[in-house]
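Participant: Have a peek at structure_16.cif (mmCIF, C-alpha atoms).
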data_structure
loop_
_atom_site.label_atom_id
_atom_site.label_comp_id
_atom_site.auth_asym_id
_atom_site.auth_seq_id
_atom_site.Cartn_x
_atom_site.Cartn_y
_atom_site.Cartn_z
CA MET A 30 -9.44 26.56 20.24
CA ILE A 31 -8.63 22.82 20.09
CA THR A 32 -9.33 22.44 23.82
CA GLY A 33 -12.68 24.17 23.29
CA VAL A 34 -13.60 21.84 20.43
CA LEU A 35 -12.58 18.80 22.51
CA ILE A 36 -14.68 19.94 25.48
CA PHE A 37 -17.63 20.52 23.14
CA LEU A 38 -17.19 17.07 21.62
CA GLY A 39 -16.98 15.52 25.10
CA ILE A 40 -20.23 17.18 26.21
CA SER A 41 -21.92 16.23 22.94
CA ILE A 42 -20.87 12.60 23.24
CA GLY A 43 -22.28 12.55 26.78
CA ALA A 44 -25.59 13.98 25.55
CA LEU A 45 -25.64 11.53 22.62
CA ALA A 46 -25.04 8.60 24.97
CA LEU A 47 -27.88 9.76 27.21
CA GLY A 48 -30.10 10.23 24.15
CA TYR A 49 -29.23 6.77 22.85
CA GLY A 50 -30.03 5.24 26.24
CA LEU A 51 -33.40 6.98 26.52
CA MET A 52 -34.47 6.80 22.89
CA VAL A 53 -33.21 3.36 21.86
CA ARG A 54 -32.12 1.21 24.77
CA LEU A 55 -34.98 2.03 27.15
CA PRO A 56 -37.81 1.15 24.70
CA ALA A 57 -35.86 -1.88 23.46
CA ALA A 58 -35.44 -3.11 27.04
CA GLY A 59 -39.19 -3.51 27.21
CA ALA A 60 -40.12 -0.39 29.15
CA SER A 61 -43.89 -0.24 29.54
CA PRO A 62 -45.89 2.20 27.34
CA GLY A 63 -47.01 3.92 30.54
CA LEU A 64 -43.42 4.58 31.59
CA LEU A 65 -42.53 5.91 28.15
CA ARG A 66 -45.60 8.14 28.15
CA ALA A 67 -44.66 9.45 31.59
CA LEU A 68 -41.11 10.11 30.37
CA SER A 69 -42.47 11.99 27.37
CA TRP A 70 -44.70 14.15 29.59
CA LEU A 71 -41.86 14.79 32.01
CA CYS A 72 -39.73 16.13 29.15
CA ARG A 73 -42.56 18.30 27.84
CA ILE A 74 -43.29 19.76 31.28
CA ALA A 75 -39.61 20.42 32.02
CA LEU A 76 -39.15 22.08 28.63
CA ALA A 77 -42.32 24.15 28.97
CA ALA A 78 -41.42 25.29 32.50
CA THR A 79 -37.92 26.31 31.41
CA PHE A 80 -39.14 28.30 28.43
CA LEU A 81 -41.99 29.95 30.33
CA TYR A 82 -39.51 31.10 32.96
CA ALA A 83 -37.03 32.22 30.30
CA ALA A 84 -39.67 34.08 28.30
CA TRP A 85 -41.08 35.99 31.27
CA GLU A 86 -37.96 38.07 31.94
CA LYS A 87 -37.43 38.64 28.22
CA LEU A 88 -41.01 39.84 27.79
CA LEU A 89 -40.49 42.36 30.58
CA ASP A 90 -37.39 43.84 28.95
CA PRO A 91 -37.22 43.23 25.18
CA TYR A 92 -34.45 45.83 24.83
CA ALA A 93 -32.14 43.86 27.14
CA PHE A 94 -32.88 40.65 25.25
CA ALA A 95 -32.34 42.29 21.84
CA SER A 96 -29.10 43.75 23.19
CA ASN A 97 -27.96 40.32 24.42
CA THR A 98 -28.88 38.77 21.07
CA TYR A 99 -26.91 41.42 19.18
CA ALA A 100 -23.91 40.85 21.47
CA TYR A 101 -23.41 37.39 19.94
CA ARG A 102 -22.38 39.19 16.76
CA LEU A 103 -24.24 36.75 14.56
CA VAL A 104 -27.08 38.91 13.29
CA PRO A 105 -27.54 42.58 12.31
CA PRO A 106 -29.31 44.93 14.76
CA SER A 107 -32.56 44.84 12.76
CA VAL A 108 -32.75 41.05 13.22
CA ALA A 109 -31.79 41.32 16.90
CA THR A 110 -34.68 43.70 17.58
CA VAL A 111 -37.17 41.49 15.70
CA VAL A 112 -35.92 38.52 17.75
CA GLY A 113 -36.18 40.61 20.93
CA VAL A 114 -39.82 41.42 20.17
CA ALA A 115 -41.04 38.13 18.69
CA LEU A 116 -39.07 35.27 20.26
CA PRO A 117 -40.23 35.58 23.91
CA ALA A 118 -43.88 35.47 22.79
CA ILE A 119 -43.18 32.48 20.52
CA GLU A 120 -41.52 30.73 23.48
CA VAL A 121 -44.63 31.32 25.61
CA ILE A 122 -46.95 29.95 22.89
CA ALA A 123 -44.66 26.94 22.37
CA ALA A 124 -44.53 26.22 26.11
CA LEU A 125 -48.33 26.45 26.44
CA SER A 126 -48.72 24.22 23.40
CA LEU A 127 -46.45 21.58 24.99
CA LEU A 128 -48.57 21.64 28.14
CA THR A 129 -51.98 21.61 26.42
CA GLY A 130 -51.07 19.20 23.65
CA ILE A 131 -52.33 21.52 20.89
CA PHE A 132 -49.71 21.52 18.12
CA TRP A 133 -47.23 20.12 20.65
CA ARG A 134 -45.18 18.30 18.00
CA GLY A 135 -44.62 21.58 16.17
CA SER A 136 -43.58 23.29 19.38
CA ALA A 137 -41.17 20.50 20.28
CA LEU A 138 -39.65 20.67 16.80
CA PHE A 139 -39.35 24.46 16.92
CA LEU A 140 -37.74 24.42 20.39
CA ALA A 141 -35.33 21.65 19.31
CA GLY A 142 -34.25 23.84 16.38
CA LEU A 143 -34.00 26.89 18.63
CA LEU A 144 -31.87 25.02 21.16
CA ALA A 145 -29.60 23.74 18.38
CA PHE A 146 -29.10 27.36 17.33
CA PHE A 147 -28.46 28.44 20.95
CA ILE A 148 -25.81 25.72 21.28
CA PHE A 149 -24.11 26.91 18.08
CA ALA A 150 -24.32 30.59 19.14
CA ILE A 151 -22.84 29.92 22.59
CA PHE A 152 -20.10 27.67 21.22
CA GLN A 153 -18.99 30.21 18.59
CA ALA A 154 -19.03 32.98 21.24
CA ILE A 155 -16.75 30.93 23.49
CA LEU A 156 -14.42 30.07 20.60
CA ARG A 157 -14.25 33.72 19.49
CA GLY A 158 -13.59 34.83 23.07
CA ILE A 159 -16.65 37.12 23.17
CA ASP A 160 -17.28 37.93 26.83
CA ILE A 161 -21.08 38.24 27.05
CA SER A 162 -24.07 37.29 29.12
CA CYS A 163 -26.04 34.48 27.48
CA GLY A 164 -29.34 36.37 27.59
CA CYS A 165 -31.13 33.08 28.22
CA PHE A 166 -33.19 34.44 31.09
CA GLY A 167 -33.54 38.12 30.26
CA LYS A 168 -31.66 40.54 32.50
CA GLU A 169 -30.27 37.77 34.71
CA SER A 170 -26.63 37.53 33.80
CA HIS A 171 -25.18 34.12 32.95
CA PRO A 172 -21.77 34.07 31.27
CA VAL A 173 -21.49 31.84 28.20
CA THR A 174 -19.77 28.63 29.32
CA TYR A 175 -19.57 24.97 28.34
CA TRP A 176 -21.89 24.25 31.28
CA LEU A 177 -24.55 26.27 29.47
CA ILE A 178 -23.98 24.18 26.35
CA ALA A 179 -24.48 21.01 28.41
CA GLN A 180 -27.74 22.43 29.83
CA ASP A 181 -28.98 23.32 26.34
CA GLN A 182 -28.09 19.86 25.06
CA LEU A 183 -30.19 18.32 27.84
CA LEU A 184 -33.08 20.60 26.87
CA PHE A 185 -32.56 19.65 23.23
CA LEU A 186 -32.89 16.03 24.26
CA ALA A 187 -36.06 16.89 26.21
CA ALA A 188 -37.48 18.38 23.01
CA VAL A 189 -36.54 15.49 20.71
CA LEU A 190 -37.39 12.59 23.03
CA PRO A 191 -41.21 13.11 23.09
CA LEU A 192 -41.19 13.35 19.29
CA TRP A 193 -39.14 10.19 18.99
CA LEU A 194 -41.35 8.24 21.40
CA ASP A 195 -44.48 9.45 19.61
CA HIS A 196 -43.00 8.40 16.28
CA ARG A 197 -42.05 5.00 17.70
CA ARG A 198 -45.54 4.47 19.10
CA ARG A 199 -47.09 5.18 15.72
CA ARG A 200 -44.81 2.83 13.76
CA MET B 12 -30.43 6.74 15.50
CA MET B 13 -32.60 9.18 13.51
CA SER B 14 -34.11 6.94 10.86
CA ARG B 15 -35.54 8.14 7.60
CA SER B 16 -39.04 7.37 8.83
CA PHE B 17 -38.47 9.76 11.76
CA TRP B 18 -37.64 12.59 9.39
CA ALA B 19 -40.75 11.74 7.37
CA TYR B 20 -42.77 11.78 10.61
CA LEU B 21 -41.42 15.24 11.46
CA LEU B 22 -42.22 16.55 8.00
CA ARG B 23 -45.72 15.10 8.09
CA ARG B 24 -46.71 15.91 11.66
CA ALA B 25 -44.48 18.65 13.09
CA VAL B 26 -43.38 21.15 10.44
CA LEU B 27 -46.75 22.77 9.74
CA PRO B 28 -47.70 23.00 13.45
CA ALA B 29 -44.26 24.53 14.11
CA LEU B 30 -44.93 27.22 11.51
CA ILE B 31 -48.35 27.90 13.04
CA VAL B 32 -46.84 28.22 16.55
CA VAL B 33 -44.19 30.63 15.25
CA ALA B 34 -46.76 32.70 13.36
CA ILE B 35 -49.11 32.97 16.35
CA GLY B 36 -46.24 33.75 18.75
CA ALA B 37 -44.70 36.36 16.45
CA ALA B 38 -48.05 38.06 15.92
CA GLY B 39 -48.53 38.12 19.69
CA GLY B 40 -45.03 39.51 20.23
CA PHE B 41 -45.47 42.35 17.75
CA THR B 42 -48.92 43.20 19.13
CA LEU B 43 -47.58 43.25 22.69
CA ASN B 44 -44.69 45.47 21.62
CA HIS B 45 -47.12 47.87 19.97
CA LEU B 46 -49.11 48.12 23.21
CA ARG B 47 -46.09 48.80 25.45
CA THR B 48 -45.39 52.18 27.04
CA ASP B 49 -41.89 51.84 25.60
CA PRO B 50 -42.18 49.85 22.36
CA LEU B 51 -38.83 48.56 21.13
CA PRO B 52 -38.16 50.30 17.78
CA LEU B 53 -37.34 47.64 15.18
CA ASP B 54 -34.90 49.98 13.42
CA LEU B 55 -32.80 50.68 16.52
CA PRO B 56 -29.17 51.09 15.36
CA GLY B 57 -26.52 48.72 16.64
CA HIS B 58 -24.62 51.33 18.67
CA LEU B 59 -27.74 52.00 20.77
CA LEU B 60 -28.42 48.30 21.16
CA LEU B 61 -24.95 47.43 22.37
CA THR B 62 -22.90 50.32 23.73
CA GLU B 63 -19.14 50.49 24.03
CA SER B 64 -19.55 51.49 27.66
CA GLY B 65 -21.85 48.57 28.47
CA ALA B 66 -24.41 51.04 29.84
CA ARG B 67 -28.04 50.02 29.56
CA GLY B 68 -30.32 52.18 27.45
CA VAL B 69 -33.75 53.27 28.65
CA PHE B 70 -36.70 54.64 26.72
CA LEU B 71 -38.91 57.54 27.74
CA GLY B 72 -41.48 55.61 29.78
CA GLU B 73 -38.86 54.04 32.05
CA ALA B 74 -36.88 57.30 32.22
CA ARG B 75 -40.01 59.15 33.33
CA ARG B 76 -40.59 56.54 36.06
CA MET B 77 -36.97 56.99 37.20
CA PHE B 78 -37.54 60.75 37.22
CA ASP B 79 -40.81 60.53 39.18
CA GLU B 80 -39.40 58.14 41.76
CA ALA B 81 -36.18 60.19 42.05
CA GLU B 82 -34.17 56.98 42.09
CA TYR B 83 -31.64 58.23 39.57
CA ILE B 84 -29.45 61.28 39.21
CA PHE B 85 -29.91 62.70 35.71
CA VAL B 86 -26.64 63.92 34.21
CA ASP B 87 -26.55 66.21 31.17
CA VAL B 88 -23.47 65.74 28.98
CA ARG B 89 -24.20 68.68 26.64
CA GLY B 90 -22.25 71.91 26.83
CA THR B 91 -22.95 74.49 29.55
CA GLU B 92 -24.68 76.88 27.15
CA ALA B 93 -27.22 74.30 26.04
CA PHE B 94 -27.72 73.26 29.69
CA LEU B 95 -28.40 76.84 30.81
CA GLU B 96 -30.92 77.26 28.01
CA GLU B 97 -32.94 74.18 28.92
CA HIS B 98 -32.38 70.86 30.67
CA ILE B 99 -34.31 68.07 32.36
CA GLU B 100 -35.67 69.30 35.69
CA GLY B 101 -33.22 68.55 38.48
CA ALA B 102 -30.44 67.34 36.14
CA LEU B 103 -26.76 68.01 36.83
CA SER B 104 -24.44 69.36 34.15
CA LEU B 105 -21.29 67.39 33.39
CA PRO B 106 -19.86 68.35 29.97
CA LEU B 107 -17.37 65.78 28.76
CA THR B 108 -14.62 68.38 28.27
CA ARG B 109 -14.68 69.17 32.02
CA PHE B 110 -15.09 65.63 33.29
CA GLN B 111 -11.83 65.42 35.30
CA GLU B 112 -12.53 68.71 37.04
CA LEU B 113 -16.23 68.16 37.80
CA TYR B 114 -16.48 64.44 38.51
CA PRO B 115 -15.62 64.85 42.23
CA GLU B 116 -18.53 67.29 42.52
CA LEU B 117 -20.84 64.75 40.90
CA GLN B 118 -19.74 62.18 43.45
CA VAL B 119 -20.73 64.55 46.25
CA TRP B 120 -24.11 65.32 44.67
CA SER B 121 -25.02 61.82 43.60
CA ALA B 122 -23.98 60.25 46.92
CA GLY B 123 -23.91 56.78 45.39
CA GLN B 124 -27.25 57.07 43.56
CA PRO B 125 -27.39 55.42 40.15
CA VAL B 126 -26.92 57.71 37.18
CA LEU B 127 -28.86 58.30 33.98
CA VAL B 128 -26.84 60.10 31.33
CA TYR B 129 -28.45 62.04 28.51
CA GLY B 130 -27.32 64.29 25.69
CA SER B 131 -28.48 65.52 22.32
CA LYS B 132 -30.22 62.92 20.21
CA GLY B 133 -27.64 63.05 17.45
CA ASN B 134 -24.61 63.01 19.72
CA PHE B 135 -24.59 59.58 21.20
CA LEU B 136 -20.80 59.25 21.24
CA GLU B 137 -20.50 61.84 24.04
CA VAL B 138 -23.17 60.09 26.08
CA ASP B 139 -21.49 56.72 25.70
CA ASP B 140 -18.07 58.21 26.46
CA LEU B 141 -19.37 59.74 29.71
CA ALA B 142 -21.12 56.49 30.62
CA ARG B 143 -17.86 54.60 30.06
CA ARG B 144 -15.87 57.04 32.21
CA LEU B 145 -18.41 56.76 35.02
CA ARG B 146 -18.34 52.97 34.86
CA ASP B 147 -14.54 53.00 34.80
CA ARG B 148 -14.68 54.96 38.06
CA GLY B 149 -16.80 52.36 39.74
CA GLU B 150 -20.32 53.71 39.16
CA GLU B 151 -22.13 50.40 39.03
CA GLU B 152 -25.44 51.33 37.51
CA VAL B 153 -25.15 53.75 34.63
CA THR B 154 -28.00 54.07 32.14
CA PHE B 155 -28.55 56.41 29.23
CA LEU B 156 -31.60 57.94 27.61
CA ILE B 157 -31.99 56.39 24.14
CA PRO B 158 -34.21 59.11 22.59
CA GLY B 159 -31.97 61.88 24.00
CA PHE B 160 -32.97 65.26 25.39
CA GLU B 161 -35.08 66.04 22.28
CA GLY B 162 -37.15 62.89 22.88
CA TRP B 163 -37.80 64.06 26.45
CA THR B 164 -38.92 67.55 25.38
CA ASP B 165 -41.03 66.18 22.49
CA LYS B 166 -43.06 64.30 25.08
CA GLY B 167 -43.55 67.48 27.10
CA PHE B 168 -41.78 66.06 30.14
CA PRO B 169 -40.51 68.53 32.81
CA VAL B 170 -37.63 70.78 31.85
CA GLU B 171 -36.17 73.93 33.39
CA SER B 172 -33.70 76.66 32.50
CA GLY B 173 -30.94 78.33 34.46
CA SER B 174 -27.88 77.50 36.47
CA ASP B 175 -29.43 75.09 39.00
CA GLY B 176 -27.55 71.87 38.46
CA LEU B 177 -24.23 73.32 37.34
CA LEU B 178 -21.52 71.31 39.07
CA ASP B 179 -18.93 74.04 38.64
CA PRO B 180 -18.36 75.69 42.08
CA ALA B 181 -17.30 78.92 40.32
CA ALA B 182 -20.78 79.15 38.83
CA TRP B 183 -22.40 79.15 42.27
CA GLU B 184 -20.49 82.22 43.33
CA ASP B 185 -21.82 84.24 40.38
#
Write out the structure in this file as structure tokens.
Facilitator:
Amino acid sequence: MITGVLIFLGISIGALALGYGLMVRLPAAGASPGLLRALSWLCRIALAATFLYAAWEKLLDPYAFASNTYAYRLVPPSVATVVGVALPAIEVIAALSLLTGIFWRGSALFLAGLLAFFIFAIFQAILRGIDISCGCFGKESHPVTYWLIAQDQLLFLAAVLPLWLDHRRRR
Amino acid sequence: MMSRSFWAYLLRRAVLPALIVVAIGAAGGFTLNHLRTDPLPLDLPGHLLLTESGARGVFLGEARRMFDEAEYIFVDVRGTEAFLEEHIEGALSLPLTRFQELYPELQVWSAGQPVLVYGSKGNFLEVDDLARRLRDRGEEEVTFLIPGFEGWTDKGFPVESGSDGLLDPAAWED
């Protein structure tokens, strides 16, 4: 348990340091607006591509996704089935919105919140010793590991960074 | 790092669009589910969503495709009497009470093909128990029919009667 918490803290500190570098140090170091805009777009494209890929498999088999969601033992079956039906479609809309720019800030905020929840769900599953597939990419089986938490933290950063840079530009 | 003005920015510029994205996506998701051959029932009980055996559940549309393409061996877990009366066309009978005795016969018949287990709608425990036993014996792909035999017949899918499919060698001699 303590080892798990320490590993989680270590990964989180790494992600925070990366976030601090990209969100504070890089703009302060006089990075050009063009570079920051390119960075923002890169994050949006990476995030959109990941969620489009993730949503595709889940859309094909909502039962498998609902089953994976229920396996985390965080929500009742009725919620797991609603998530299985609705979330993949929301992910597709959010990804398209990031790419087209329509409501992109809302999509980035939603995906940041979703990723924060994923990180919590995976972490509690590891701590409770629940041996499950993450369900991140539909039927494809990925065991829940700290590596997955690190990946989700990077995606979380990719969701927050464009918002932060947009906010900074408007100040 | 996250200043108060950033939170204000999120509230002002991101929260409402986020709600709109969620609403549009959810509406799309429910519509898509409604249009599927096998819509996911929102009131599916937990034991059918996550089985003890780890077997994957299938709905009628997918089961019918498996049946048509003859990819899967259909195994009936109900008692022999119910099987003789009516069963899915081409299914094999493997009542749980005779598992030890009849499993070797199933191995011969299935010849490594993946298995779909079905039983009565209200008797899921037997189905899951058989699925678990098959998985314990190394059957890699075991699925089960979520709506049960009654769901299959309600759809008018092919059924047959009689002793074809009994795994008991004694039954063949009769």
Participant: Find the residue from A:Val114, A:Leu140, A:Ala58, A:Ala179 that sits nearest to Ala29 (chain B); use only C-alpha atoms when measuring.
Facilitator: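 For Ala29 (chain B), the nearest of the given residues is A:Leu140.
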Participant: Residues within 10 Å of Phe78 (chain B), please, as a PyMOL selection string. Count all atoms listed in the file; anything in the same chain fewer than 4 positions from it doesn't count.
Facilitator: chain B and resi 72-74+82-85+99-102+127+168-169
Participant: Could you expand the PyMOL selection byres ((chain B) within 12 of (chain A)) into the explicit residues it covers here, written as a ChimeraX atom specification?
Facilitator: /B:12-63,65-70,73,157
Participant: What gap, in Å, lies between CA of Arg157 (chain A) and CA of Asp139 (chain B)?
Facilitator: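 Computed distance, CA of Arg157 (chain A) to CA of Asp139 (chain B), equals 24.9 Å.
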Participant: Please evaluate the PyMOL selection byres ((chain B and resi 150-152) around 8) against the structure above and give the resulting residues as a PyMOL selection string.
Facilitator: chain B and resi 66+123+125-126+145-149+153-154
Participant: Fewer than 4 positions away in the same chain doesn't count, so skip those; otherwise give me all residues within 12 Å of Thr32 (chain A), counting all atoms listed in the file, as a ChimeraX atom specification.
Facilitator: /A:36-39,155-156,175
Participant: Output the residue selection produced by the PyMOL selection byres ((chain A and resi 74-76) around 8) on the file above, formatted as a ChimeraX atom specification.
Facilitator: /A:70-73,77-80,124,127-128,184,187-188
Participant: How many Å lie between CA of Gly130 (chain B) and CA of Ala181 (chain B), rounded to one decimal?
Facilitator: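 Straight-line distance from CA of Gly130 (chain B) to CA of Ala181 (chain B) works out to 23.0 Å.
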Participant: Find, counting all atoms listed in the file, the residue in A:Ile40, A:Leu143, A:Ile31, A:Leu183 that gets nearest to Cys165 (chain A).
Facilitator: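 Ranked by minimum distance to Cys165 (chain A), first place goes to A:Leu143.
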Participant: If I take CA of Gly173 (chain B) and CA of Asp79 (chain B), how far is one from the other in Å, to one decimal?
Facilitator: 20.9 Å
Participant: So, with only C-alpha atoms as the atoms that count, which of B:Val128, B:Leu156, B:Val88, B:Leu178 lies closest to Pro106 (chain B)?
Facilitator: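 Checking each candidate against Pro106 (chain B), we get B:Val88 as the closest.
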Participant: Please identify all polymer residues lying at most 6 Å from the point (-39.3, 9.8, 27.0) (file coordinates), using only C-alpha atoms, and present the result as a list in words.
Facilitator: Leu65, Leu68, Ser69, Leu190 and Pro191 of chain A
Participant: Nearest to Phe110 (chain B) among B:Glu80, B:Asp87, B:Asp175, B:Asp165, with distances taken over all atoms listed in the file: which residue is it?
Facilitator: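 Ranking B:Glu80, B:Asp87, B:Asp175, B:Asp165 by distance to Phe110 (chain B), first place goes to B:Asp87.
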Participant: Using only C-alpha atoms, pick whichever of A:Ile148, A:Leu194, A:Leu186, A:Ala46 has the shortest atom-to-atom distance to Thr174 (chain A).
Facilitator: A:Ile148
Participant: Determine the nearest neighbour of Glu171 (chain B) from the options B:Phe94, B:Arg144, B:Tyr114, B:Ala122, counting all atoms listed in the file.
Facilitator: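 Looking at the shortest contact to Glu171 (chain B), the residue is B:Phe94.
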